[in-house]
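See structure below.
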Amino acid sequence: MEDKPMLDVHMTDHAEVRKQQRGFRNADIDLLLSLAEPCGYDGYRVSHQIAQNEIGRLKAKIQQIERLAGSIAVICEGSVVTVHHGENSKSNCRRRNGGPRHGS
């Protein structure tokens with residue numbers, strides 16, 4: 001699911017009280033409004049289908065991040081010149097100024 005624009009809303013005093021009573025956090029409200037679809041005349045709802053789709057998207061992103069952990073992309077003059085997994089300790093990045101690696 002692509003990111004939807006966040007609704008520009010203000011929390012009333014009543015909403016703040018209910019949020020606290022019901023255990024919602026500010027981040028919960030932000031996420032709810034970013035995922036929700038309109039329901040009724042003025043409500044917004046995260047359906048179970050929307051939730052499952054977003055969970056699947058995030059699980060796939062987590063798997064991708066796990067697969068890329070330790071990987072390196074070498075960039076020269078704005079172009080990616082090579083990529084590798086960088087799984088061994090000799091694959092540490094060089095300092096940005098091109099100086100020697102630590103311990104060399």
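Lettering and numbering for the structure tokens are positional, with chains as A, B, ... in the shown order, residues counted from 1 in each chain, and ligands counted from 1 in the shown order.
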Skipping near chain neighbours, those fewer than 6 positions away, what residues fall within 10 Å of range 16-20 of chain A using only C-alpha atoms, listed as a list of chain:residue names?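 Result of the neighbour search: A:Asn26, A:Asp28, A:Ile29.
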Please indicate the distance in Å from CA of Ala15 in chain A to CA of Glu54 in chain A, rounded to one decimal place. 25.7 Å
The residue from A:Gly43, A:His85, A:Glu37, A:His48 with the smallest atom-to-atom distance to Arg67 in chain A, counting only C-alpha atoms, is A:His85
